[in-house]
$ cat model-v2.pdb   # PDB, C-alpha atoms
ATOM      1  CA  MET S 205       6.865  29.612 -74.877
ATOM      2  CA  GLU S 206       7.891  33.219 -74.329
ATOM      3  CA  GLN S 207       9.994  34.478 -71.438
ATOM      4  CA  GLU S 208       9.833  38.156 -70.446
ATOM      5  CA  ILE S 209      12.912  39.624 -68.776
ATOM      6  CA  VAL S 210      12.950  43.076 -67.197
ATOM      7  CA  LEU S 211      16.476  44.467 -66.965
ATOM      8  CA  THR S 212      17.791  45.858 -63.682
ATOM      9  CA  VAL S 213      20.697  48.158 -62.869
ATOM     10  CA  GLU S 214      22.864  45.095 -62.151
ATOM     11  CA  ASP S 215      22.338  43.946 -65.759
ATOM     12  CA  SER S 216      23.948  47.051 -67.297
ATOM     13  CA  GLY S 217      27.008  46.230 -69.369
ATOM     14  CA  LEU S 218      26.327  42.494 -69.635
ATOM     15  CA  ARG S 219      26.440  40.775 -73.004
ATOM     16  CA  LEU S 220      22.993  39.642 -74.058
ATOM     17  CA  ASP S 221      23.977  35.960 -74.266
ATOM     18  CA  ARG S 222      25.460  36.043 -70.767
ATOM     19  CA  LEU S 223      22.399  37.797 -69.365
ATOM     20  CA  LEU S 224      20.039  35.230 -70.874
ATOM     21  CA  ALA S 225      22.176  32.302 -69.718
ATOM     22  CA  GLU S 226      21.930  33.658 -66.155
ATOM     23  CA  ARG S 227      18.200  34.416 -66.322
ATOM     24  CA  LEU S 228      17.311  31.149 -68.058
ATOM     25  CA  PRO S 229      19.242  28.606 -65.961
ATOM     26  CA  ASP S 230      17.719  25.612 -67.774
ATOM     27  CA  MET S 231      19.389  26.748 -71.009
ATOM     28  CA  SER S 232      23.094  26.502 -71.897
ATOM     29  CA  ARG S 233      25.063  29.458 -73.280
ATOM     30  CA  SER S 234      25.149  27.816 -76.719
ATOM     31  CA  ALA S 235      21.375  27.294 -76.690
ATOM     32  CA  VAL S 236      20.883  30.953 -75.769
ATOM     33  CA  GLN S 237      23.200  32.028 -78.585
ATOM     34  CA  GLY S 238      21.107  29.925 -80.945
ATOM     35  CA  LEU S 239      17.959  31.819 -79.921
ATOM     36  CA  ILE S 240      19.693  35.148 -80.575
ATOM     37  CA  ALA S 241      21.029  34.004 -83.973
ATOM     38  CA  GLN S 242      17.510  32.968 -85.010
ATOM     39  CA  GLY S 243      16.116  36.397 -84.120
ATOM     40  CA  LEU S 244      14.012  34.978 -81.299
ATOM     41  CA  VAL S 245      15.225  37.501 -78.711
ATOM     42  CA  THR S 246      13.565  40.885 -79.152
ATOM     43  CA  CYS S 247      13.025  44.254 -77.499
ATOM     44  CA  ARG S 248      10.069  46.358 -78.661
ATOM     45  CA  GLY S 249       9.615  43.997 -81.559
ATOM     46  CA  GLN S 250      13.176  44.331 -82.842
ATOM     47  CA  ALA S 251      15.571  41.369 -82.890
ATOM     48  CA  LEU S 252      18.668  41.875 -80.721
ATOM     49  CA  SER S 253      22.255  40.898 -81.443
ATOM     50  CA  LYS S 254      24.437  39.244 -78.815
ATOM     51  CA  SER S 255      26.421  42.497 -78.522
ATOM     52  CA  ALA S 256      23.337  44.667 -77.973
ATOM     53  CA  LYS S 257      23.713  47.349 -75.300
ATOM     54  CA  LEU S 258      21.466  46.682 -72.345
ATOM     55  CA  SER S 259      19.847  49.373 -70.214
ATOM     56  CA  PRO S 260      17.869  49.184 -66.954
ATOM     57  CA  GLY S 261      14.129  49.085 -67.540
ATOM     58  CA  GLN S 262      14.329  47.427 -70.933
ATOM     59  CA  VAL S 263      11.943  44.517 -71.425
ATOM     60  CA  ILE S 264      13.370  41.623 -73.430
ATOM     61  CA  HIS S 265      11.275  38.819 -74.882
ATOM     62  CA  ALA S 266      12.833  35.418 -75.591
ATOM     63  CA  ALA S 267      10.709  33.072 -77.703
ATOM     64  CA  ILE S 268      11.754  29.566 -76.654
ATOM     65  CA  PRO S 269      10.566  26.840 -79.052
ATOM     66  CA  GLU S 270       8.389  24.183 -77.473
ATOM     67  CA  PRO S 271      10.308  20.942 -76.920
ATOM     68  CA  ARG S 272       9.614  18.082 -79.293
ATOM     69  CA  GLU S 273       8.166  14.938 -77.783
ATOM     70  CA  LEU S 274      10.765  12.758 -79.509
ATOM     71  CA  ASP S 275      13.565  14.515 -77.637
ATOM     72  CA  ILE S 276      12.779  12.534 -74.489
ATOM     73  CA  LEU S 277      13.128   8.771 -74.682
ATOM     74  CA  PRO S 278      12.313   6.057 -72.135
ATOM     75  CA  GLU S 279      15.363   4.495 -70.482
ATOM     76  CA  ASP S 280      15.579   1.278 -68.484
ATOM     77  CA  ILE S 281      16.969   2.829 -65.305
ATOM     78  CA  PRO S 282      16.274   1.059 -61.994
ATOM     79  CA  LEU S 283      13.858   2.906 -59.717
ATOM     80  CA  GLN S 284      13.226   2.441 -56.013
ATOM     81  CA  ILE S 285       9.432   2.551 -55.840
ATOM     82  CA  VAL S 286       8.233   3.121 -52.267
ATOM     83  CA  TYR S 287       4.517   3.131 -53.170
ATOM     84  CA  GLU S 288       2.449   2.751 -56.327
ATOM     85  CA  ASP S 289      -1.208   2.576 -57.329
ATOM     86  CA  ASP S 290      -3.253   3.436 -60.428
ATOM     87  CA  ASP S 291      -2.937   7.173 -59.776
ATOM     88  CA  MET S 292       0.554   7.836 -58.496
ATOM     89  CA  LEU S 293       3.971   6.717 -57.328
ATOM     90  CA  VAL S 294       6.299   7.623 -54.494
ATOM     91  CA  VAL S 295       9.912   7.258 -55.675
ATOM     92  CA  ASN S 296      13.121   7.334 -53.632
ATOM     93  CA  LYS S 297      15.517   9.274 -55.887
ATOM     94  CA  PRO S 298      19.241   8.615 -55.507
ATOM     95  CA  LYS S 299      21.808  11.389 -55.155
ATOM     96  CA  GLY S 300      23.187  12.401 -58.552
ATOM     97  CA  MET S 301      20.017  11.799 -60.582
ATOM     98  CA  VAL S 302      18.455  14.812 -62.304
ATOM     99  CA  VAL S 303      14.666  14.914 -61.979
ATOM    100  CA  HIS S 304      13.709  16.116 -65.459
ATOM    101  CA  PRO S 305      15.521  16.742 -68.755
ATOM    102  CA  ALA S 306      16.879  20.156 -69.656
ATOM    103  CA  PRO S 307      18.968  21.439 -72.593
ATOM    104  CA  GLY S 308      22.244  19.545 -72.631
ATOM    105  CA  ASN S 309      20.928  16.922 -70.223
ATOM    106  CA  TYR S 310      18.252  14.806 -71.889
ATOM    107  CA  THR S 311      19.201  11.339 -70.655
ATOM    108  CA  GLY S 312      19.591   9.504 -67.375
ATOM    109  CA  THR S 313      16.895  11.526 -65.601
ATOM    110  CA  LEU S 314      14.035  10.425 -63.387
ATOM    111  CA  VAL S 315      11.644  11.293 -66.218
ATOM    112  CA  ASN S 316      13.459   8.962 -68.628
ATOM    113  CA  ALA S 317      13.180   6.193 -66.032
ATOM    114  CA  LEU S 318       9.487   6.892 -65.312
ATOM    115  CA  MET S 319       8.651   6.865 -69.020
ATOM    116  CA  PHE S 320      10.139   3.377 -69.325
ATOM    117  CA  TYR S 321       8.487   2.110 -66.152
ATOM    118  CA  CYS S 322       5.033   3.639 -66.663
ATOM    119  CA  GLY S 323       4.772   3.759 -70.442
ATOM    120  CA  GLU S 324       2.173   6.344 -71.406
ATOM    121  CA  SER S 325       0.605   6.344 -67.929
ATOM    122  CA  LEU S 326       1.957   9.689 -66.720
ATOM    123  CA  SER S 327       0.227  13.030 -66.243
ATOM    124  CA  GLY S 328       0.742  15.576 -69.003
ATOM    125  CA  ILE S 329       0.140  18.801 -67.074
ATOM    126  CA  ASN S 330       3.819  19.800 -67.023
ATOM    127  CA  GLY S 331       4.378  19.070 -70.718
ATOM    128  CA  VAL S 332       6.633  16.646 -72.535
ATOM    129  CA  LEU S 333       9.770  17.504 -70.548
ATOM    130  CA  ARG S 334       8.231  16.789 -67.149
ATOM    131  CA  PRO S 335       5.550  14.106 -67.539
ATOM    132  CA  GLY S 336       4.303  12.952 -64.155
ATOM    133  CA  ILE S 337       6.505  15.337 -62.192
ATOM    134  CA  VAL S 338       4.520  17.000 -59.398
ATOM    135  CA  HIS S 339       7.508  18.536 -57.571
ATOM    136  CA  ARG S 340      11.249  18.120 -57.712
ATOM    137  CA  ILE S 341      14.384  17.981 -55.605
ATOM    138  CA  ASP S 342      17.901  18.965 -56.644
ATOM    139  CA  LYS S 343      20.202  16.592 -58.492
ATOM    140  CA  ASP S 344      22.466  16.081 -55.484
ATOM    141  CA  THR S 345      19.634  15.807 -52.958
ATOM    142  CA  SER S 346      18.393  12.264 -52.345
ATOM    143  CA  GLY S 347      14.968  11.144 -51.230
ATOM    144  CA  LEU S 348      11.234  10.963 -51.824
ATOM    145  CA  LEU S 349       9.341  12.436 -54.756
ATOM    146  CA  LEU S 350       5.726  12.168 -55.886
ATOM    147  CA  ALA S 351       4.877  11.330 -59.498
ATOM    148  CA  ALA S 352       1.375  11.379 -60.975
ATOM    149  CA  LYS S 353       0.042   8.866 -63.497
ATOM    150  CA  ASN S 354      -2.873  11.048 -64.611
ATOM    151  CA  ASP S 355      -3.928  14.683 -64.590
ATOM    152  CA  PHE S 356      -6.567  14.141 -61.883
ATOM    153  CA  ALA S 357      -3.941  12.921 -59.419
ATOM    154  CA  HIS S 358      -1.490  15.607 -60.507
ATOM    155  CA  ARG S 359      -3.968  18.419 -59.845
ATOM    156  CA  GLY S 360      -4.865  16.969 -56.446
ATOM    157  CA  LEU S 361      -1.263  16.660 -55.303
ATOM    158  CA  ALA S 362      -0.197  20.013 -56.759
ATOM    159  CA  GLY S 363      -3.103  21.666 -54.972
ATOM    160  CA  GLN S 364      -1.810  20.380 -51.642
ATOM    161  CA  ILE S 365       1.637  21.805 -52.399
ATOM    162  CA  GLN S 366       0.101  25.191 -53.194
ATOM    163  CA  ALA S 367      -1.985  25.057 -50.013
ATOM    164  CA  HIS S 368       1.130  24.142 -47.959
ATOM    165  CA  SER S 369      -0.670  21.047 -46.660
ATOM    166  CA  LEU S 370       1.771  18.481 -48.053
ATOM    167  CA  THR S 371       4.132  17.110 -45.381
ATOM    168  CA  ARG S 372       7.785  17.232 -46.444
ATOM    169  CA  GLU S 373      10.549  16.423 -43.997
ATOM    170  CA  TYR S 374      14.275  16.443 -44.726
ATOM    171  CA  ARG S 375      17.474  15.439 -42.964
ATOM    172  CA  ALA S 376      20.648  17.501 -43.336
ATOM    173  CA  VAL S 377      24.108  17.914 -41.889
ATOM    174  CA  VAL S 378      25.064  21.586 -41.685
ATOM    175  CA  TYR S 379      28.258  23.403 -40.809
ATOM    176  CA  GLY S 380      28.783  24.679 -37.283
ATOM    177  CA  ASN S 381      26.956  24.358 -34.001
ATOM    178  CA  VAL S 382      23.276  25.266 -34.307
ATOM    179  CA  LYS S 383      22.659  26.583 -30.796
ATOM    180  CA  GLN S 384      18.857  26.538 -30.804
ATOM    181  CA  ASP S 385      17.310  23.103 -30.342
ATOM    182  CA  MET S 386      14.595  24.146 -32.761
ATOM    183  CA  GLY S 387      13.639  27.184 -34.779
ATOM    184  CA  THR S 388      11.953  28.613 -37.842
ATOM    185  CA  VAL S 389      13.370  30.537 -40.769
ATOM    186  CA  ASP S 390      10.668  32.774 -42.256
ATOM    187  CA  ALA S 391      12.473  34.613 -45.043
ATOM    188  CA  PRO S 392      11.364  35.198 -48.656
ATOM    189  CA  VAL S 393      13.453  33.560 -51.370
ATOM    190  CA  GLY S 394      14.011  34.758 -54.922
ATOM    191  CA  ARG S 395      16.517  34.790 -57.748
ATOM    192  CA  HIS S 396      19.885  36.231 -56.693
ATOM    193  CA  PRO S 397      20.134  39.803 -58.061
ATOM    194  CA  VAL S 398      23.621  39.271 -59.488
ATOM    195  CA  GLU S 399      24.346  35.535 -59.698
ATOM    196  CA  ARG S 400      21.253  34.478 -61.600
ATOM    197  CA  LYS S 401      21.762  30.737 -61.217
ATOM    198  CA  LYS S 402      21.559  31.110 -57.442
ATOM    199  CA  MET S 403      18.678  31.877 -55.108
ATOM    200  CA  ALA S 404      18.883  34.208 -52.115
ATOM    201  CA  VAL S 405      16.942  35.586 -49.163
ATOM    202  CA  LEU S 406      15.457  38.824 -50.500
ATOM    203  CA  ARG S 407      13.573  40.820 -47.901
ATOM    204  CA  GLY S 408      11.312  43.511 -49.325
ATOM    205  CA  SER S 409      11.792  42.374 -52.927
ATOM    206  CA  PRO S 410       8.646  42.150 -55.080
ATOM    207  CA  THR S 411      10.138  39.165 -56.937
ATOM    208  CA  ALA S 412      10.766  37.058 -53.812
ATOM    209  CA  ARG S 413       8.245  34.468 -52.620
ATOM    210  CA  GLU S 414       7.286  33.484 -49.093
ATOM    211  CA  ALA S 415       9.486  30.699 -47.732
ATOM    212  CA  VAL S 416       9.240  29.026 -44.315
ATOM    213  CA  THR S 417      11.497  26.251 -42.979
ATOM    214  CA  HIS S 418      11.263  24.670 -39.513
ATOM    215  CA  PHE S 419      14.375  22.955 -38.133
ATOM    216  CA  PHE S 420      15.055  20.620 -35.207
ATOM    217  CA  VAL S 421      18.466  19.573 -33.902
ATOM    218  CA  GLU S 422      18.923  15.805 -33.934
ATOM    219  CA  GLU S 423      22.581  15.648 -32.957
ATOM    220  CA  ARG S 424      25.538  17.993 -32.471
ATOM    221  CA  LEU S 425      28.812  16.714 -33.900
ATOM    222  CA  PRO S 426      32.374  18.084 -34.178
ATOM    223  CA  GLY S 427      32.100  21.108 -36.476
ATOM    224  CA  PHE S 428      28.626  20.142 -37.710
ATOM    225  CA  THR S 429      24.988  19.711 -36.658
ATOM    226  CA  TYR S 430      22.605  16.994 -37.798
ATOM    227  CA  LEU S 431      19.131  18.467 -38.428
ATOM    228  CA  ARG S 432      15.602  17.414 -39.190
ATOM    229  CA  LEU S 433      13.794  20.040 -41.269
ATOM    230  CA  ARG S 434      10.159  20.450 -42.194
ATOM    231  CA  LEU S 435       9.095  22.563 -45.158
ATOM    232  CA  GLU S 436       6.047  24.789 -44.952
ATOM    233  CA  THR S 437       6.726  26.054 -48.476
ATOM    234  CA  GLY S 438       8.835  24.544 -51.249
ATOM    235  CA  ARG S 439      10.888  27.171 -53.052
ATOM    236  CA  THR S 440      13.879  26.375 -55.243
ATOM    237  CA  HIS S 441      16.921  25.594 -53.037
ATOM    238  CA  GLN S 442      14.876  26.666 -49.990
ATOM    239  CA  ILE S 443      16.635  24.649 -47.273
ATOM    240  CA  ARG S 444      20.072  25.330 -48.732
ATOM    241  CA  VAL S 445      19.436  29.094 -48.916
ATOM    242  CA  HIS S 446      17.756  29.344 -45.511
ATOM    243  CA  MET S 447      20.472  27.441 -43.661
ATOM    244  CA  ALA S 448      23.215  29.422 -45.412
ATOM    245  CA  SER S 449      21.440  32.631 -44.357
ATOM    246  CA  LEU S 450      21.808  31.497 -40.722
ATOM    247  CA  GLY S 451      25.523  30.897 -41.211
ATOM    248  CA  HIS S 452      25.038  27.123 -41.267
ATOM    249  CA  PRO S 453      25.168  26.019 -44.931
ATOM    250  CA  VAL S 454      24.533  22.387 -45.767
ATOM    251  CA  ALA S 455      27.700  20.285 -45.723
ATOM    252  CA  GLY S 456      29.052  19.634 -49.216
ATOM    253  CA  ASP S 457      27.021  22.442 -50.822
ATOM    254  CA  ALA S 458      29.260  23.881 -53.540
ATOM    255  CA  VAL S 459      26.844  26.740 -54.321
ATOM    256  CA  TYR S 460      25.910  28.132 -50.906
ATOM    257  CA  GLY S 461      28.648  26.692 -48.708
ATOM    258  CA  PRO S 462      32.300  27.655 -48.160
ATOM    259  CA  LYS S 463      34.693  27.786 -51.099
ATOM    260  CA  LYS S 464      36.568  24.747 -49.783
ATOM    261  CA  VAL S 465      33.944  22.118 -50.578
ATOM    262  CA  LEU S 466      33.684  18.707 -48.924
ATOM    263  CA  THR S 467      34.204  16.730 -52.117
ATOM    264  CA  GLU S 468      33.735  13.360 -50.376
ATOM    265  CA  LEU S 469      29.967  13.992 -50.283
ATOM    266  CA  ASN S 470      29.629  14.657 -54.037
ATOM    267  CA  GLY S 471      27.092  17.386 -53.347
ATOM    268  CA  GLN S 472      25.045  18.605 -50.396
ATOM    269  CA  CYS S 473      24.281  16.280 -47.460
ATOM    270  CA  LEU S 474      20.507  16.642 -47.789
ATOM    271  CA  HIS S 475      17.875  13.900 -47.886
ATOM    272  CA  ALA S 476      14.101  14.134 -48.399
ATOM    273  CA  GLY S 477      13.208  11.501 -45.828
ATOM    274  CA  LEU S 478       9.445  11.810 -45.369
ATOM    275  CA  VAL S 479       6.426  12.805 -47.426
ATOM    276  CA  GLY S 480       2.794  12.851 -46.362
ATOM    277  CA  PHE S 481      -0.299  13.734 -48.396
ATOM    278  CA  VAL S 482      -4.020  13.170 -48.795
ATOM    279  CA  HIS S 483      -4.553  10.701 -51.610
ATOM    280  CA  PRO S 484      -6.315  12.666 -54.364
ATOM    281  CA  ARG S 485      -8.782   9.867 -55.134
ATOM    282  CA  THR S 486      -9.455   8.106 -51.831
ATOM    283  CA  GLY S 487      -9.088  11.083 -49.477
ATOM    284  CA  ALA S 488      -6.989   8.995 -47.088
ATOM    285  CA  TYR S 489      -3.893  10.530 -45.500
ATOM    286  CA  MET S 490      -0.751   8.604 -46.449
ATOM    287  CA  GLU S 491       2.793   9.007 -45.193
ATOM    288  CA  PHE S 492       6.027   7.395 -46.387
ATOM    289  CA  SER S 493       9.608   7.541 -45.195
ATOM    290  CA  ALA S 494      13.000   6.621 -46.616
ATOM    291  CA  GLY S 495      15.960   5.826 -44.387
ATOM    292  CA  LEU S 496      19.231   7.688 -44.656
ATOM    293  CA  PRO S 497      21.258   6.661 -47.714
ATOM    294  CA  GLU S 498      24.711   5.192 -47.374
ATOM    295  CA  TYR S 499      26.614   8.409 -48.140
ATOM    296  CA  PHE S 500      24.704  10.233 -45.383
ATOM    297  CA  GLN S 501      25.111   7.471 -42.786
ATOM    298  CA  GLY S 502      28.804   7.180 -43.589
ATOM    299  CA  PHE S 503      29.375  10.898 -43.046
ATOM    300  CA  LEU S 504      27.551  10.828 -39.700
ATOM    301  CA  GLU S 505      29.605   7.852 -38.511
ATOM    302  CA  LYS S 506      32.835   9.596 -39.525
ATOM    303  CA  LEU S 507      31.866  12.669 -37.494
ATOM    304  CA  ARG S 508      30.836  10.551 -34.503
ATOM    305  CA  LYS S 509      34.176   8.713 -34.487
ATOM    306  CA  LYS S 510      35.989  12.032 -34.751
ATOM    307  CA  GLY S 511      34.250  13.187 -31.584
ATOM    308  CA  GLY S 512      34.593   9.873 -29.799
ATOM    309  CA  LEU S 513      30.837   9.392 -30.002
ATOM    310  CA  THR S 514      28.772   6.291 -30.645
ATOM    311  CA  ASN S 515      25.190   5.946 -31.801
ATOM    312  CA  ASP S 516      24.173   3.241 -29.292
TER     313      ASP S 516
END

$ encode --input "model-v2.pdb" --output "structure tokens"
Amino acid sequence: MEQEIVLTVEDSGLRLDRLLAERLPDMSRSAVQGLIAQGLVTCRGQALSKSAKLSPGQVIHAAIPEPRELDILPEDIPLQIVYEDDDMLVVNKPKGMVVHPAPGNYTGTLVNALMFYCGESLSGINGVLRPGIVHRIDKDTSGLLLAAKNDFAHRGLAGQIQAHSLTREYRAVVYGNVKQDMGTVDAPVGRHPVERKKMAVLRGSPTAREAVTHFFVEERLPGFTYLRLRLETGRTHQIRVHMASLGHPVAGDAVYGPKKVLTELNGQCLHAGLVGFVHPRTGAYMEFSAGLPEYFQGFLEKLRKKGGLTND
């Protein structure tokens, strides 16, 4: 697999290994350095050294070796299966579980668990690193995910995501008082121009992609607001970026929130609570929900007690 990277003005002066580590977030710095040492990073056909001088407009090609199938092994990890048939599964992923393996993180993922549970009955469209994975949620986001057992189901579900017809509803606690009872954030999201492991709202950028999030206030609490959110699109970190752009980052978000992080949450207070789709084989509309996990409920109760509120 080859990655093409076009250098911008912000990239001037960066070491090549640092640049690649930022532009290829699934790869560690050591893995990137290995690519450079093997001569797999080139510009105009010439291999680059890690100390190569970088200039705006340069086009760099990184040849990333295809992963070996034996790198990913099945693991007997308990899964909460919400629905299953011969074509697909709906899984309730816990907070802290990575969806698919990446360099430096090949074990303990949802994929490892699915491989053990399903054997060879997983779609192969996304390759050996992501068998069965139709879409993903962040490591520290809990909630519902779809997994496909065959390529037919995978194509049908992925098509609904591309057509924005899949129903995806989240729950979140965000900082501050969201004054509107409901609203929509329609703001394109793309890779942050400087901090390459982050996403950002980028208006007018050719690299940004359309992103639309609808939000509804469920409850206002001391210093925070409890929201229900519905995705129209599904960009990387979309809810986290959109809410931060409004000045209401998700509670516990160490990337887009305030520097003083709420460590008690062990990540953002964000839960994928509902998914709805047309079954790719039967054509029937199906919808599934997952109640709030314990960490989320506990945080809400703490805020309610702080404000002298009850949930009766």

$ resolve_selection --input "model-v2.pdb" --expression "the PyMOL selection byres ((chain S and resi 322-333) around 10)" --output "PyMOL selection string"
chain S and resi 270-276+278+290-293+304-306+310+315-321+334-338+351-359

$ resolve_selection --input "model-v2.pdb" --expression "the PyMOL selection byres ((chain S and resi 284) around 8)" --output "list in words"
Pro282, Leu283, Ile285, Val286, Val295, Asn296 and Lys297 of chain S

$ resolve_selection --input "model-v2.pdb" --expression "the PyMOL selection byres ((chain S and resi 223) around 12)" --output "NGL selection string"
:S and (209-212 or 214-222 or 224-229 or 231-233 or 236-237 or 240 or 245 or 254-259 or 264 or 266 or 397-401)

$ closest_residue --input "model-v2.pdb" --among "S:Lys464, S:Arg395, S:His339, S:Arg485" --to "Arg407 (chain S)" --atoms "all atoms listed in the file"
S:Arg395

$ closest_residue --input "model-v2.pdb" --among "S:Val416, S:Lys463, S:Leu504, S:Glu491" --to "Leu431 (chain S)" --atoms "only C-alpha atoms"
S:Leu504

$ residues_around --input "model-v2.pdb" --residues "Gln501 (chain S)" --least-positions-apart "6" --cutoff "12 Å" --atoms "only C-alpha atoms" --output "PyMOL selection string"
chain S and resi 375-377+430+469+473-475+495+507-508+515

$ closest_residue --input "model-v2.pdb" --among "S:Ala415, S:Leu277, S:Leu252, S:Val389" --to "His368 (chain S)" --atoms "only C-alpha atoms"
S:Ala415

$ residues_around --input "model-v2.pdb" --residues "His452 (chain S)" --least-positions-apart "4" --cutoff "12 Å" --atoms "all atoms listed in the file" --output "list of chain:residue names"
S:Ala376, S:Val377, S:Val378, S:Tyr379, S:Gly380, S:Asn381, S:Val382, S:Lys383, S:Phe419, S:Gly427, S:Phe428, S:Thr429, S:Tyr430, S:Leu431, S:Ile443, S:Arg444, S:Val445, S:His446, S:Met447, S:Ala448, S:Gly456, S:Asp457, S:Tyr460, S:Gly461, S:Pro462

$ closest_residue --input "model-v2.pdb" --among "S:Val263, S:Leu350, S:Ala251, S:Leu239" --to "Glu208 (chain S)" --atoms "only C-alpha atoms"
S:Val263

$ residues_around --input "model-v2.pdb" --residues "Leu314 (chain S)" --least-positions-apart "5" --cutoff "7 Å" --atoms "only C-alpha atoms" --output "ChimeraX atom specification"
/S:301-304

$ decode --input "model-v2.pdb" --residues "region 431-464 of chain S" --atoms "C-alpha atoms" --output "tab-separated table (two decimals), in the first residue's frame"
chain	number	residue	atom	x	y	z
S	431	LEU	CA	-27.01	15.72	25.03
S	432	ARG	CA	-28.51	13.33	22.54
S	433	LEU	CA	-26.78	13.59	19.16
S	434	ARG	CA	-27.67	12.19	15.77
S	435	LEU	CA	-25.07	11.82	13.04
S	436	GLU	CA	-25.90	12.63	9.44
S	437	THR	CA	-22.31	11.86	8.43
S	438	GLY	CA	-19.64	9.87	10.24
S	439	ARG	CA	-16.25	11.55	10.05
S	440	THR	CA	-13.34	10.72	12.34
S	441	HIS	CA	-13.90	12.35	15.77
S	442	GLN	CA	-16.92	14.18	14.32
S	443	ILE	CA	-18.95	14.73	17.50
S	444	ARG	CA	-15.87	15.57	19.54
S	445	VAL	CA	-14.66	18.14	16.98
S	446	HIS	CA	-18.09	19.66	16.35
S	447	MET	CA	-18.93	20.13	20.02
S	448	ALA	CA	-15.48	21.57	20.75
S	449	SER	CA	-16.01	24.03	17.87
S	450	LEU	CA	-19.13	25.29	19.69
S	451	GLY	CA	-17.15	25.79	22.89
S	452	HIS	CA	-18.72	22.71	24.49
S	453	PRO	CA	-16.15	19.88	24.26
S	454	VAL	CA	-17.13	16.43	25.46
S	455	ALA	CA	-16.38	15.90	29.15
S	456	GLY	CA	-13.19	13.91	29.71
S	457	ASP	CA	-11.88	14.50	26.17
S	458	ALA	CA	-8.11	14.83	26.53
S	459	VAL	CA	-7.62	15.78	22.86
S	460	TYR	CA	-10.28	18.43	22.23
S	461	GLY	CA	-11.22	19.45	25.76
S	462	PRO	CA	-9.52	21.70	28.34
S	463	LYS	CA	-5.97	20.96	29.47
S	464	LYS	CA	-7.21	19.98	32.93
